[in-house]
>>> print(open('final_30.cif').read())   # mmCIF, C-alpha atoms
data_start
#
loop_
_atom_site.group_PDB
_atom_site.id
_atom_site.type_symbol
_atom_site.label_atom_id
_atom_site.label_comp_id
_atom_site.auth_asym_id
_atom_site.auth_seq_id
_atom_site.Cartn_x
_atom_site.Cartn_y
_atom_site.Cartn_z
ATOM 1 C CA MET E 276 85.414 130.647 -11.418
ATOM 2 C CA ASN E 277 81.976 129.869 -10.126
ATOM 3 C CA VAL E 278 81.085 131.947 -7.018
ATOM 4 C CA LEU E 279 79.842 128.924 -5.068
ATOM 5 C CA ARG E 280 83.099 127.135 -5.818
ATOM 6 C CA GLU E 281 84.966 130.163 -4.470
ATOM 7 C CA PHE E 282 82.975 130.021 -1.239
ATOM 8 C CA ASP E 283 83.610 126.286 -0.909
ATOM 9 C CA ASP E 284 87.355 126.811 -1.402
ATOM 10 C CA TYR E 285 87.295 129.655 1.101
ATOM 11 C CA PHE E 286 85.309 127.601 3.615
ATOM 12 C CA HIS E 287 87.703 124.661 3.271
ATOM 13 C CA LYS E 288 90.691 126.900 4.034
ATOM 14 C CA LEU E 289 88.817 128.632 6.829
ATOM 15 C CA LYS E 290 88.060 125.305 8.522
ATOM 16 C CA PHE E 291 91.770 124.514 8.266
ATOM 17 C CA ILE E 292 92.979 127.739 9.900
ATOM 18 C CA THR E 293 90.295 127.712 12.597
ATOM 19 C CA ARG E 294 90.866 124.003 13.255
ATOM 20 C CA THR E 295 87.155 123.322 13.039
ATOM 21 C CA SER E 296 85.231 120.648 11.195
ATOM 22 C CA SER E 297 81.736 122.053 10.938
ATOM 23 C CA GLU E 298 80.029 125.154 9.677
ATOM 24 C CA THR E 299 78.654 125.854 13.161
ATOM 25 C CA ALA E 300 82.067 125.620 14.833
ATOM 26 C CA THR E 301 83.696 127.751 12.132
ATOM 27 C CA ALA E 302 81.028 130.430 12.473
ATOM 28 C CA LYS E 303 81.445 130.530 16.231
ATOM 29 C CA GLU E 304 85.232 130.772 15.881
ATOM 30 C CA LEU E 305 84.757 133.834 13.672
ATOM 31 C CA GLY E 306 82.246 135.350 16.070
ATOM 32 C CA ILE E 307 79.350 134.923 13.647
ATOM 33 C CA LYS E 308 76.045 133.342 14.577
ATOM 34 C CA PRO E 309 75.792 129.960 12.832
ATOM 35 C CA ARG E 310 72.475 130.916 11.245
ATOM 36 C CA THR E 311 74.027 134.115 9.848
ATOM 37 C CA PHE E 312 77.028 132.190 8.516
ATOM 38 C CA ASN E 313 74.724 129.667 6.868
ATOM 39 C CA GLN E 314 72.817 132.493 5.186
ATOM 40 C CA MET E 315 76.078 134.071 4.030
ATOM 41 C CA ARG E 316 77.094 130.749 2.500
ATOM 42 C CA HIS E 317 73.717 130.428 0.816
ATOM 43 C CA ASP E 318 74.060 133.986 -0.571
ATOM 44 C CA ASN E 319 77.702 133.370 -1.561
ATOM 45 C CA LYS E 320 78.814 136.245 0.692
ATOM 46 C CA ILE E 321 82.218 135.614 2.181
ATOM 47 C CA PRO E 322 82.590 137.164 5.672
ATOM 48 C CA PHE E 323 85.785 139.052 4.855
ATOM 49 C CA GLU E 324 85.571 141.516 7.740
ATOM 50 C CA GLU E 325 85.279 138.783 10.371
ATOM 51 C CA THR E 326 87.935 136.701 8.640
ATOM 52 C CA LEU E 327 90.321 139.638 8.448
ATOM 53 C CA GLN E 328 89.884 140.314 12.160
ATOM 54 C CA TYR E 329 90.362 136.632 13.014
ATOM 55 C CA CYS E 330 93.569 136.462 10.972
ATOM 56 C CA GLN E 331 94.880 139.751 12.291
ATOM 57 C CA ASP E 332 94.313 138.688 15.904
ATOM 58 C CA ARG E 333 96.215 135.441 15.296
ATOM 59 C CA GLN E 334 98.878 136.748 12.897
ATOM 60 C CA ILE E 335 97.680 134.569 10.021
ATOM 61 C CA ASP E 336 98.521 135.611 6.467
ATOM 62 C CA ILE E 337 95.184 136.709 4.996
ATOM 63 C CA LEU E 338 96.641 136.552 1.484
ATOM 64 C CA TRP E 339 96.918 132.774 1.692
ATOM 65 C CA LEU E 340 93.280 132.475 2.631
ATOM 66 C CA THR E 341 91.955 134.861 0.007
ATOM 67 C CA ASN E 342 94.065 133.474 -2.826
ATOM 68 C CA LEU E 343 91.222 131.567 -4.460
ATOM 69 C CA GLN E 344 92.447 130.301 -7.773
ATOM 70 C CA SER E 345 90.618 128.099 -10.213
ATOM 71 C CA LYS E 346 91.731 124.512 -10.348
#
>>> encode(input="final_30.cif", output="structure tokens")
Amino acid sequence: MNVLREFDDYFHKLKFITRTSSETATAKELGIKPRTFNQMRHDNKIPFEETLQYCQDRQIDILWLTNLQSK
């Protein structure tokens, strides 16, 4: 699977669990500066640490989010 596609799938799921609709709002929900999140997206670096903390704090199953399978 293409790395960018993986990030897009991840971002789509992340927007769903954070109940946000924009990159800026999602970044803020994770406690990441929007500019940093945008750079991570550009570099195809998924913010796993921040996501793990977000899920842990809200008792969300991280396995669902990280299960990125090719379509």
>>> residues_around(input="final_30.cif", residues="Glu298 (chain E)", least_positions_apart="5", cutoff="8 Å", atoms="only C-alpha atoms", output="short mmCIF file (atom, residue, chain, number, x, y, z; two decimals) with C-alpha atoms, in the coordinates of the input")
data_model
loop_
_atom_site.label_atom_id
_atom_site.label_comp_id
_atom_site.auth_asym_id
_atom_site.auth_seq_id
_atom_site.Cartn_x
_atom_site.Cartn_y
_atom_site.Cartn_z
CA PRO E 309 75.79 129.96 12.83
CA PHE E 312 77.03 132.19 8.52
CA ASN E 313 74.72 129.67 6.87
#
>>> closest_residue(input="final_30.cif", among="E:His287, E:Ser297, E:Gln314, E:Leu340", to="Leu327 (chain E)", atoms="only C-alpha atoms")
E:Leu340
>>> residues_around(input="final_30.cif", residues="Gln328 (chain E)", least_positions_apart="6", cutoff="10 Å", atoms="all atoms listed in the file", output="JSON, numbers by chain")
{"E": [305, 306, 334, 335, 337]}
>>> resolve_selection(input="final_30.cif", expression="the PyMOL selection byres ((chain E and resi 316) around 12)", output="PyMOL selection string")
chain E and resi 278-286+298-299+302+309-315+317-322
>>> residues_around(input="final_30.cif", residues="Asp336 (chain E)", least_positions_apart="5", cutoff="12 Å", atoms="all atoms listed in the file", output="PyMOL selection string")
chain E and resi 288-289+292+326-331+341-342
>>> decode(input="final_30.cif", residues="chain E", atoms="C-alpha atoms", output="short mmCIF file (atom, residue, chain, number, x, y, z; two decimals), in the first residue's frame")
data_model
loop_
_atom_site.label_atom_id
_atom_site.label_comp_id
_atom_site.auth_asym_id
_atom_site.auth_seq_id
_atom_site.Cartn_x
_atom_site.Cartn_y
_atom_site.Cartn_z
CA MET E 276 0.00 0.00 0.00
CA ASN E 277 1.16 3.47 -0.86
CA VAL E 278 2.33 5.42 2.24
CA LEU E 279 0.30 8.51 1.34
CA ARG E 280 -2.79 6.35 0.99
CA GLU E 281 -2.10 4.95 4.46
CA PHE E 282 -1.92 8.45 5.90
CA ASP E 283 -5.15 9.43 4.15
CA ASP E 284 -6.91 6.35 5.54
CA TYR E 285 -5.51 7.09 8.98
CA PHE E 286 -6.54 10.74 8.78
CA HIS E 287 -10.06 9.81 7.70
CA LYS E 288 -10.47 7.51 10.71
CA LEU E 289 -8.86 10.05 13.01
CA LYS E 290 -11.33 12.74 11.93
CA PHE E 291 -14.11 10.26 12.70
CA ILE E 292 -12.95 9.43 16.23
CA THR E 293 -12.11 13.04 17.10
CA ARG E 294 -15.38 14.27 15.58
CA THR E 295 -13.55 16.92 13.61
CA SER E 296 -13.80 17.93 9.98
CA SER E 297 -10.55 19.73 9.30
CA GLU E 298 -6.86 19.10 9.60
CA THR E 299 -6.52 22.07 11.96
CA ALA E 300 -9.26 20.86 14.31
CA THR E 301 -7.91 17.30 14.28
CA ALA E 302 -4.40 18.51 15.10
CA LYS E 303 -5.67 20.61 17.98
CA GLU E 304 -7.71 17.68 19.32
CA LEU E 305 -4.53 15.60 19.40
CA GLY E 306 -2.57 18.40 21.04
CA ILE E 307 -0.41 18.98 17.97
CA LYS E 308 0.18 22.38 16.43
CA PRO E 309 -1.65 22.52 13.08
CA ARG E 310 1.55 23.49 11.27
CA THR E 311 3.36 20.48 12.77
CA PHE E 312 0.49 18.16 11.83
CA ASN E 313 0.52 19.51 8.28
CA GLN E 314 4.25 18.84 8.05
CA MET E 315 3.75 15.32 9.41
CA ARG E 316 1.13 14.71 6.74
CA HIS E 317 3.45 16.06 4.07
CA ASP E 318 6.26 13.79 5.34
CA ASN E 319 3.86 10.82 5.66
CA LYS E 320 4.65 10.58 9.39
CA ILE E 321 1.67 9.38 11.36
CA PRO E 322 1.57 10.87 14.90
CA PHE E 323 1.24 7.52 16.66
CA GLU E 324 2.35 8.73 20.08
CA GLU E 325 -0.25 11.51 20.21
CA THR E 326 -2.90 9.23 18.75
CA LEU E 327 -2.15 6.50 21.28
CA GLN E 328 -2.46 8.98 24.14
CA TYR E 329 -5.71 10.39 22.73
CA CYS E 330 -7.20 6.90 22.41
CA GLN E 331 -5.97 5.78 25.80
CA ASP E 332 -7.45 8.85 27.51
CA ARG E 333 -10.83 8.19 25.87
CA GLN E 334 -10.80 4.37 25.96
CA ILE E 335 -10.83 4.05 22.17
CA ASP E 336 -9.55 0.84 20.60
CA ILE E 337 -6.28 1.85 18.94
CA LEU E 338 -6.27 -1.37 16.92
CA TRP E 339 -9.28 -0.21 14.92
CA LEU E 340 -7.54 3.01 14.02
CA THR E 341 -4.21 1.47 13.08
CA ASN E 342 -5.70 -1.37 11.06
CA LEU E 343 -4.89 0.16 7.68
CA GLN E 344 -5.62 -2.41 5.05
CA SER E 345 -5.41 -2.01 1.32
CA LYS E 346 -8.69 -1.71 -0.49
#
